[in-house]
$ cat upload-v8.txt   # compact mmCIF, C-alpha atoms and all ligand atoms
# COMPACT_ATOMS: atom_id res chain seq x y z
CA MET A 14 124.76 86.94 97.19
CA ALA A 15 123.25 83.55 98.01
CA GLY A 16 119.55 84.43 97.79
CA VAL A 17 116.58 82.59 99.28
CA ARG A 18 114.49 79.93 97.56
CA VAL A 19 110.78 80.85 97.19
CA GLY A 20 108.87 78.16 95.28
CA ASN A 21 111.12 77.35 92.34
CA ARG A 22 112.79 80.77 92.21
CA ILE A 23 115.88 82.16 93.96
CA ILE A 24 115.16 85.65 95.33
CA GLY A 25 117.87 88.17 96.25
CA THR A 26 120.98 87.09 94.32
CA GLU A 27 121.57 90.57 92.86
CA ALA A 28 120.46 92.87 95.70
CA PRO A 29 119.50 92.28 99.36
CA VAL A 30 115.87 91.20 99.93
CA THR A 31 114.46 90.14 103.31
CA VAL A 32 112.23 87.08 102.81
CA GLY A 33 109.66 85.91 105.39
CA TRP A 34 107.59 87.94 107.91
CA GLU A 35 109.63 86.52 110.81
CA ASN A 36 112.69 88.38 109.44
CA VAL A 37 110.94 91.75 108.96
CA PRO A 38 111.63 94.13 111.92
CA LYS A 39 108.77 95.19 114.20
CA VAL A 40 107.88 98.66 115.47
CA GLN A 41 109.86 99.40 118.66
CA GLY A 42 108.76 101.71 121.48
CA GLY A 43 106.20 102.19 124.25
CA PRO A 44 102.80 100.44 124.37
CA TRP A 45 100.91 103.43 122.90
CA LYS A 46 103.24 103.71 119.95
CA VAL A 47 103.12 99.97 119.25
CA ALA A 48 99.31 99.93 119.57
CA PHE A 49 98.99 102.87 117.16
CA PHE A 50 101.15 101.25 114.46
CA THR A 51 99.36 97.92 114.95
CA TYR A 52 95.74 99.12 114.78
CA PHE A 53 95.90 102.28 112.66
CA GLN A 54 95.40 100.51 109.31
CA PRO A 55 92.43 98.26 110.25
CA ALA A 56 90.81 101.04 112.32
CA SER A 57 90.96 103.62 109.53
CA LEU A 58 89.67 101.09 106.97
CA LEU A 59 86.71 100.26 109.24
CA ALA A 60 85.99 103.93 109.98
CA LEU A 61 86.02 104.87 106.26
CA LEU A 62 83.83 101.89 105.31
CA ALA A 63 81.36 102.78 108.09
CA PHE A 64 81.29 106.40 106.90
CA TRP A 65 80.41 105.47 103.30
CA TYR A 66 77.93 102.87 104.48
CA TYR A 67 75.92 105.18 106.76
CA ALA A 68 76.46 108.67 105.27
CA PRO A 69 73.26 110.27 103.90
CA ASN A 70 73.07 110.76 100.12
CA SER A 71 73.65 114.53 100.45
CA ILE A 72 77.13 113.83 101.92
CA ALA A 73 78.08 110.64 100.03
CA THR A 74 79.33 112.44 96.90
CA ALA A 75 82.42 112.26 94.72
CA GLN A 76 83.45 115.66 96.13
CA THR A 77 83.46 114.26 99.69
CA ALA A 78 85.54 111.34 98.39
CA ILE A 79 88.14 113.75 97.01
CA ILE A 80 88.30 115.75 100.27
CA ILE A 81 88.69 112.54 102.33
CA SER A 82 91.34 111.21 99.95
CA LEU A 83 93.40 114.44 100.12
CA SER A 84 93.18 114.70 103.94
CA PHE A 85 94.03 111.02 104.42
CA ARG A 86 97.09 111.37 102.19
CA ALA A 87 98.17 114.59 103.92
CA PHE A 88 98.00 112.79 107.27
CA LEU A 89 100.10 109.89 105.89
CA ILE A 90 102.76 112.33 104.63
CA ALA A 91 102.98 113.79 108.17
CA LEU A 92 103.31 110.23 109.51
CA GLU A 93 106.19 109.57 107.08
CA PHE A 94 108.05 112.55 108.55
CA MET A 95 107.41 111.45 112.14
CA ALA A 96 108.12 107.73 111.74
CA PRO A 97 110.11 106.96 108.58
CA ARG A 98 110.53 103.30 107.76
CA HIS A 99 114.01 103.75 106.24
CA ARG A 100 116.21 106.83 106.72
CA SER A 101 117.44 106.25 103.14
CA TRP A 102 113.87 106.80 101.91
CA MET A 103 113.47 110.21 103.64
CA LEU A 104 112.12 112.93 101.38
CA THR A 105 114.72 115.33 99.97
CA TRP A 106 113.89 118.61 98.21
CA LYS A 107 114.78 117.04 94.87
CA GLU A 108 112.45 114.08 95.48
CA ALA A 109 109.65 116.35 96.75
CA VAL A 110 109.77 118.61 93.67
CA THR A 111 109.86 115.59 91.33
CA ASP A 112 106.88 114.00 93.14
CA LEU A 113 104.95 117.26 92.89
CA PHE A 114 105.46 117.29 89.12
CA TYR A 115 104.15 113.71 88.72
CA VAL A 116 101.17 114.19 91.07
CA GLY A 117 100.25 117.34 89.13
CA MET A 118 100.66 115.49 85.82
CA GLY A 119 98.48 112.64 87.11
CA TYR A 120 95.62 114.99 87.94
CA THR A 121 96.01 116.75 84.57
CA VAL A 122 96.00 113.50 82.56
CA VAL A 123 92.98 112.20 84.45
CA ARG A 124 91.17 115.51 83.98
CA MET A 125 92.01 115.60 80.27
CA MET A 126 90.76 112.05 79.83
CA GLY A 127 87.63 113.16 81.67
CA ALA A 128 87.21 116.11 79.27
CA TYR A 129 87.69 114.13 76.06
CA LEU A 130 86.12 110.92 77.25
CA GLY A 131 83.72 112.35 79.83
CA ASP A 132 82.10 110.01 82.29
CA ASP A 133 78.74 110.68 80.68
CA VAL A 134 80.06 109.58 77.27
CA ILE A 135 81.47 106.34 78.72
CA ILE A 136 78.37 105.66 80.79
CA GLU A 137 76.12 106.26 77.80
CA ALA A 138 78.20 103.90 75.66
CA VAL A 139 78.30 101.25 78.36
CA GLN A 140 74.61 101.55 79.15
CA GLY A 141 73.69 101.55 75.48
CA ALA A 142 75.82 98.48 74.76
CA ALA A 143 74.33 96.20 77.38
CA ASP A 144 70.99 95.50 78.94
CA TRP A 145 71.78 96.58 82.50
CA SER A 146 68.47 95.37 83.88
CA LYS A 147 70.16 91.96 83.71
CA LEU A 148 72.39 93.28 86.50
CA ASP A 149 69.49 93.94 88.86
CA TRP A 150 70.49 90.84 90.79
CA PHE A 151 73.83 92.56 91.45
CA ALA A 152 72.30 95.83 92.64
CA GLY A 153 70.02 93.79 94.90
CA MET A 154 72.96 92.32 96.82
CA PRO A 155 74.14 93.81 100.14
CA LEU A 156 76.22 96.96 99.56
CA LEU A 157 79.41 95.58 101.07
CA ILE A 158 79.25 92.49 98.85
CA GLN A 159 78.83 94.73 95.79
CA ALA A 160 81.80 96.84 96.90
CA LEU A 161 83.96 93.75 97.51
CA ALA A 162 83.02 92.38 94.08
CA ILE A 163 83.92 95.64 92.33
CA SER A 164 87.21 95.94 94.23
CA LEU A 165 88.20 92.33 93.50
CA LEU A 166 87.19 92.51 89.83
CA PHE A 167 89.14 95.75 89.39
CA ASP A 168 92.22 94.35 91.14
CA PHE A 169 92.07 91.14 89.09
CA GLY A 170 92.31 93.29 85.95
CA GLN A 171 95.13 95.37 87.45
CA TYR A 172 97.02 92.21 88.42
CA TRP A 173 97.08 90.90 84.85
CA MET A 174 97.75 94.32 83.29
CA HIS A 175 100.71 94.81 85.68
CA ARG A 176 101.99 91.25 85.15
CA GLY A 177 101.63 91.80 81.40
CA MET A 178 103.73 94.95 81.71
CA HIS A 179 106.54 92.90 83.26
CA ASN A 180 106.34 90.17 80.62
CA TRP A 181 105.58 91.84 77.30
CA TYR A 182 108.22 94.29 76.09
CA PRO A 183 105.97 96.99 74.50
CA LEU A 184 103.95 97.24 77.73
CA TRP A 185 107.14 97.10 79.83
CA LEU A 186 108.41 100.23 78.04
CA THR A 187 105.49 102.21 79.48
CA HIS A 188 105.94 100.79 83.01
CA ALA A 189 109.77 100.85 83.25
CA PRO A 190 110.06 104.52 84.34
CA HIS A 191 108.00 103.72 87.49
CA HIS A 192 110.64 101.10 88.37
CA TYR A 193 113.44 103.68 88.38
CA ILE A 194 112.20 105.14 91.70
CA THR A 195 114.81 104.54 94.40
CA GLN A 196 112.63 105.15 97.46
CA LEU A 197 108.98 104.75 98.43
CA ASN A 198 106.64 107.45 99.77
CA ILE A 199 102.93 107.82 99.26
CA ASN A 200 103.26 110.09 96.21
CA LYS A 201 105.46 107.62 94.33
CA GLY A 202 102.42 105.84 92.90
CA ALA A 203 102.11 108.81 90.52
CA VAL A 204 105.67 108.53 89.17
CA GLY A 205 105.89 107.11 85.66
CA ASN A 206 105.17 107.71 82.00
CA PRO A 207 101.66 109.12 81.33
CA VAL A 208 100.94 106.33 78.80
CA GLU A 209 101.04 103.92 81.73
CA LEU A 210 98.51 106.01 83.65
CA PHE A 211 96.24 105.79 80.64
CA LEU A 212 96.63 101.98 80.39
CA ILE A 213 96.00 101.48 84.12
CA GLY A 214 92.96 103.75 84.03
CA LEU A 215 91.64 102.24 80.80
CA GLY A 216 87.96 101.50 80.88
CA VAL A 217 87.67 102.11 84.60
CA GLY A 218 86.61 105.75 84.99
CA GLY A 219 82.96 106.17 85.69
CA PHE A 220 82.10 102.64 84.65
CA PHE A 221 80.33 101.86 87.88
CA ASP A 222 78.54 105.18 88.25
CA PHE A 223 75.21 103.42 88.09
CA LEU A 224 76.02 102.00 91.55
CA PRO A 225 77.44 105.11 93.24
CA ARG A 226 77.42 103.96 96.86
CA ALA A 227 79.03 100.60 96.11
CA ALA A 228 81.67 102.34 93.96
CA LEU A 229 82.49 104.80 96.76
CA LEU A 230 82.86 101.87 99.17
CA ALA A 231 85.05 100.02 96.65
CA GLY A 232 87.17 103.17 96.28
CA THR A 233 87.68 103.09 100.04
CA PHE A 234 89.46 99.74 99.72
CA GLY A 235 91.84 101.39 97.27
CA LEU A 236 92.41 104.44 99.49
CA ALA A 237 92.65 102.70 102.87
CA ILE A 238 94.73 99.75 101.60
CA GLY A 239 96.26 100.47 98.18
CA THR A 240 97.78 103.77 99.34
CA TYR A 241 100.15 101.86 101.66
CA GLN A 242 101.91 100.28 98.64
CA HIS A 243 104.24 103.28 98.45
CA ILE A 244 104.62 104.49 102.05
CA ASN A 245 107.75 105.17 104.04
CA VAL A 246 106.24 104.10 107.39
CA ARG A 247 106.72 100.85 109.31
CA PHE A 248 103.50 99.28 110.64
CA ASN A 249 103.03 96.15 112.74
CA THR A 250 100.51 95.07 110.14
CA PRO A 251 98.31 92.21 111.48
CA GLY A 252 98.87 88.79 109.92
CA TRP A 253 95.37 88.56 108.34
CA TRP A 254 95.91 91.95 106.67
CA ARG A 255 99.25 90.85 105.19
CA PHE A 256 97.61 87.66 103.97
CA LEU A 257 94.75 89.45 102.18
CA PHE A 258 96.15 92.83 101.20
CA ASN A 259 99.12 94.33 99.39
CA THR A 260 101.50 96.15 101.76
CA THR A 261 104.51 98.44 101.52
CA GLU A 262 106.64 95.36 102.35
CA HIS A 263 105.25 93.42 99.35
CA HIS A 264 105.60 96.41 97.04
CA SER A 265 109.17 97.20 98.18
CA VAL A 266 110.09 93.64 97.09
CA HIS A 267 108.44 94.42 93.73
CA HIS A 268 110.64 97.54 93.39
CA SER A 269 113.82 95.72 94.52
CA GLN A 270 117.02 96.04 92.48
CA ASP A 271 116.93 92.22 92.41
CA TYR A 272 115.39 91.15 89.07
CA GLU A 273 113.73 87.93 90.34
CA ALA A 274 112.25 89.76 93.34
CA SER A 275 110.77 92.45 91.09
CA ARG A 276 108.83 89.77 89.22
CA SER A 277 106.46 89.27 92.16
CA ASN A 278 103.62 91.02 94.04
CA TYR A 279 101.79 92.46 91.01
CA GLY A 280 98.54 93.18 92.90
CA SER A 281 97.32 96.67 93.69
CA THR A 282 94.95 96.51 96.67
CA TRP A 283 94.79 92.73 97.14
CA ILE A 284 97.72 90.31 97.34
CA ILE A 285 95.49 87.21 97.10
CA PHE A 286 95.78 87.01 93.29
CA ASP A 287 99.58 86.79 93.67
CA ARG A 288 99.09 83.99 96.22
CA LEU A 289 96.64 82.28 93.84
CA PHE A 290 98.85 82.56 90.73
CA GLY A 291 102.18 81.87 92.48
CA THR A 292 103.84 85.29 92.25
CA CYS A 293 103.69 86.32 95.95
CA VAL A 294 106.89 86.92 97.94
CA ASP A 295 106.33 87.90 101.61
CA GLY A 296 109.21 90.13 102.71
CA GLU A 297 110.73 93.56 102.17
CA ALA A 298 113.60 95.36 100.41
CA GLU A 299 115.33 98.69 101.02
CA LYS A 300 117.58 98.97 97.95
CA LEU A 301 115.22 99.87 95.11
CA GLY A 302 115.38 100.84 91.45
CA MET A 303 116.92 99.78 88.14
CA GLU A 304 120.52 99.77 86.90
CA GLY A 305 121.84 99.75 90.47
CA GLY A 306 119.60 102.63 91.53
CA ARG A 307 120.15 105.12 88.68
CA ARG A 308 117.71 108.01 89.10
CA MET A 309 115.73 108.63 85.92
CA THR A 310 115.15 112.29 85.09
CA ILE A 311 111.63 113.55 84.40
CA SER A 312 112.41 114.24 80.74
CA GLU A 313 113.80 110.73 80.23
CA ALA A 314 110.67 109.24 81.86
CA MET A 315 108.54 111.21 79.40
CA HIS A 316 110.26 109.95 76.24
CA PHE A 317 111.58 106.55 77.47
CA PRO A 318 108.81 104.32 76.00
CA PHE A 319 109.26 105.92 72.58
CA SER A 320 113.04 106.40 72.43
CA GLU A 321 113.80 102.99 73.96
CA GLY A 322 111.21 101.32 71.71
CA TYR A 323 112.74 103.04 68.67
CA ASN A 324 116.30 101.95 69.59
CA THR A 325 115.25 98.36 70.21
CA THR A 326 113.34 98.17 66.92
CA LYS A 327 116.36 99.60 65.05
CA GLN A 328 118.71 97.05 66.63
CA TRP A 329 116.28 94.22 65.90
CA LEU A 330 115.93 95.23 62.23
CA ARG A 331 119.70 95.58 61.88
CA ALA A 332 120.25 92.10 63.34
CA LYS A 333 117.55 90.62 61.08
CA PHE A 334 118.61 92.14 57.76
CA HIS A 335 122.36 92.58 58.16
CA LYS A 336 123.38 89.04 59.05
CA PRO A 337 127.14 88.68 59.61
CA SER A 338 128.78 87.64 56.34
CA ALA A 339 130.83 85.01 58.19
CA VAL A 340 127.81 82.70 58.30
CA PRO A 341 128.47 80.04 55.63
CA ALA A 342 125.77 79.46 53.02
CA GLU A 343 124.33 75.98 52.89
ZN ZN B 401 105.88 96.84 88.29
ZN ZN B 402 105.22 101.01 92.63
$ encode --input "upload-v8.txt" --output "C-alpha cells"
Amino acid sequence: MAGVRVGNRIIGTEAPVTVGWENVPKVQGGPWKVAFFTYFQPASLLALLAFWYYAPNSIATAQTAIIISLSFRAFLIALEFMAPRHRSWMLTWKEAVTDLFYVGMGYTVVRMMGAYLGDDVIIEAVQGAADWSKLDWFAGMPLLIQALAISLLFDFGQYWMHRGMHNWYPLWLTHAPHHYITQLNINKGAVGNPVELFLIGLGVGGFFDFLPRAALLAGTFGLAIGTYQHINVRFNTPGWWRFLFNTTEHHSVHHSQDYEASRSNYGSTWIIFDRLFGTCVDGEAEKLGMEGGRRMTISEAMHFPFSEGYNTTKQWLRAKFHKPSAVPAE
C-alpha cells in the first residue's frame, strides 16, 4: 500500500487508513436524519452543561451524575443498533459478552480502589499536603472556566500517559491488550488489562472534590465528548468540534492495524494537544487491531503484561549473557 504523507510520516502502508476530512463519508438520508446526526453532539453537550450549571445543590450530586451517565450510554447503544457506522463493527453475542465482562471489571476495580484508597483518604492527604487557600483565586473564577481548566489539565495528563504507553515498553505492556480490539462500540473503552485502568485513574479520583460543581461540569466534557471515542455511529460532526475534540474518526485511526497510524491521536476528550505536539491525524480507519486483527482472549488480556514482560526479559538476558561464540575476541 502506498500510504499518505502526514507531516514527515507515511500513514497507511500496512492497512487502509482514510486521511483527510474531505475523504470521510457523510451521513446520507432525509433532512431530519442529516440534521439529527449533525446537531446531536453539540446539542447534548450544551444541554448537559446547562443542567449542571443551573441544577440546585440537592440535585447536582454524584448519584445524579451516575444516573445521567448510564442513561446517556444506554441511548448511545440504541443509536449504534439503529445507525451503525460500519457493518463489520456490529455487536455480536461474543463481543457483547466480552464487553460486559470488562465493563463489570472496570466498575469493580474502581470500587475496590475507592474502598482501599477512599476519596476521603485521598482528599485528606491532598488537603493536608498543600495550603488550599492559595487556590481561592481558582474557586473565585467563573464555573465554566474552572471546569474547562480541570478538563484540559486532566486531558493533558492523559495525553502524556497514553503517549508514554506507546513509547515506553513496560507501560506499553499494560496498554497493548486494549489495542487488540477489532471493532469500536461505546463499551470498548473498558477493554484492557486492569493495571492500565489503575494507571489511567492514578491520582484522579476525588482530587477535585473541594470544587464539586466545577468537577461535575468537567465530567460532562468527558461524558458528552470522550464517550464518542469508541462509538459505532457515523455523525456529521461540525468542523469546529473535530478541530477541538477527539472523535470516533480520530480514535479509529489510533486503533488502526497500520503501525504509523496507531502512533497518533493520543488525546482523550480533547484533540488539541495532538495538534499542538504534532501527533494528530484527521481521518478514519475500519480495519482495527494488532497482528492483523487477532482477537485477544480475556484470559490472555489479564496475564499479557506479566507473561509478555517475563518472556521479553528472559530473551534480553539470554542475548546479553550468552553471546554467540563466533564473535572473535579482540
Ligand atoms: Zn493507545
Ligand atoms: Zn481505544
$ residues_near_ligand --input "upload-v8.txt" --ligand "ligand ZN 401 (chain B)" --cutoff "12 Å" --atoms "only C-alpha atoms and all ligand atoms" --output "PyMOL selection string"
chain A and resi 171-180+184-194+202+204-205+209+213+242+263-270+272+274-281+301-303
$ atom_distance --input "upload-v8.txt" --atom1 "atom CA of A:Ala28" --atom2 "atom CA of A:Val294"
15.0 Å
$ closest_residue --input "upload-v8.txt" --among "A:Tyr182, A:Val47, A:Val19, A:His99" --to "A:Cys293" --atoms "only C-alpha atoms"
A:Val19
$ atom_distance --input "upload-v8.txt" --atom1 "atom CA of A:Leu165" --atom2 "atom CA of A:Val32"
26.3 Å
$ residues_around --input "upload-v8.txt" --residues "A:Phe64" --least-positions-apart "2" --cutoff "12 Å" --atoms "all atoms listed in the file" --output "MDAnalysis selection string"
chainID A and resid 57:62 66:70 72:74 77:78 81 226 229:230 233
$ closest_residue --input "upload-v8.txt" --among "A:Ala237, A:Leu257, A:Val208, A:Leu197" --to "A:Glu108" --atoms "all atoms listed in the file"
A:Leu197
$ closest_residue --input "upload-v8.txt" --among "A:Glu304, A:Asp168, A:Glu93, A:Glu262" --to "ligand ZN 402 (chain B)" --atoms "all atoms listed in the file"
A:Glu262
$ closest_residue --input "upload-v8.txt" --among "A:Arg86, A:His335, A:His243, A:Lys107" --to "ligand ZN 402 (chain B)" --atoms "only C-alpha atoms and all ligand atoms"
A:His243
$ residues_around --input "upload-v8.txt" --residues "A:Val17" --least-positions-apart "4" --cutoff "9 Å" --atoms "all atoms listed in the file" --output "PDB file with C-alpha atoms, in the coordinates of the input"
ATOM      1  CA  ARG A  22     112.790  80.770  92.210  1.00  0.00           C
ATOM      2  CA  ILE A  23     115.880  82.160  93.960  1.00  0.00           C
ATOM      3  CA  ILE A  24     115.160  85.650  95.330  1.00  0.00           C
ATOM      4  CA  GLY A  25     117.870  88.170  96.250  1.00  0.00           C
ATOM      5  CA  THR A  26     120.980  87.090  94.320  1.00  0.00           C
ATOM      6  CA  VAL A  30     115.870  91.200  99.930  1.00  0.00           C
ATOM      7  CA  THR A  31     114.460  90.140 103.310  1.00  0.00           C
ATOM      8  CA  VAL A  32     112.230  87.080 102.810  1.00  0.00           C
TER       9      VAL A  32
END
$ closest_residue --input "upload-v8.txt" --among "A:Tyr241, A:Trp253, A:Phe334, A:Phe50" --to "ligand ZN 402 (chain B)" --atoms "all atoms listed in the file"
A:Tyr241
$ closest_residue --input "upload-v8.txt" --among "A:Ala203, A:Ala298, A:Leu210, A:Ala231" --to "ligand ZN 402 (chain B)" --atoms "all atoms listed in the file"
A:Ala203
$ atom_distance --input "upload-v8.txt" --atom1 "atom CA of A:Ala96" --atom2 "atom CA of A:Gly43"
13.8 Å
$ axis_aligned_box --input "upload-v8.txt" --around "stretch 237-241 of chain A" --padding-each-side "5 Å" --output "lines of an AutoDock Vina configuration file"
center_x = 96.4
center_y = 101.8
center_z = 100.5
size_x = 17.5
size_y = 14.0
size_z = 14.7
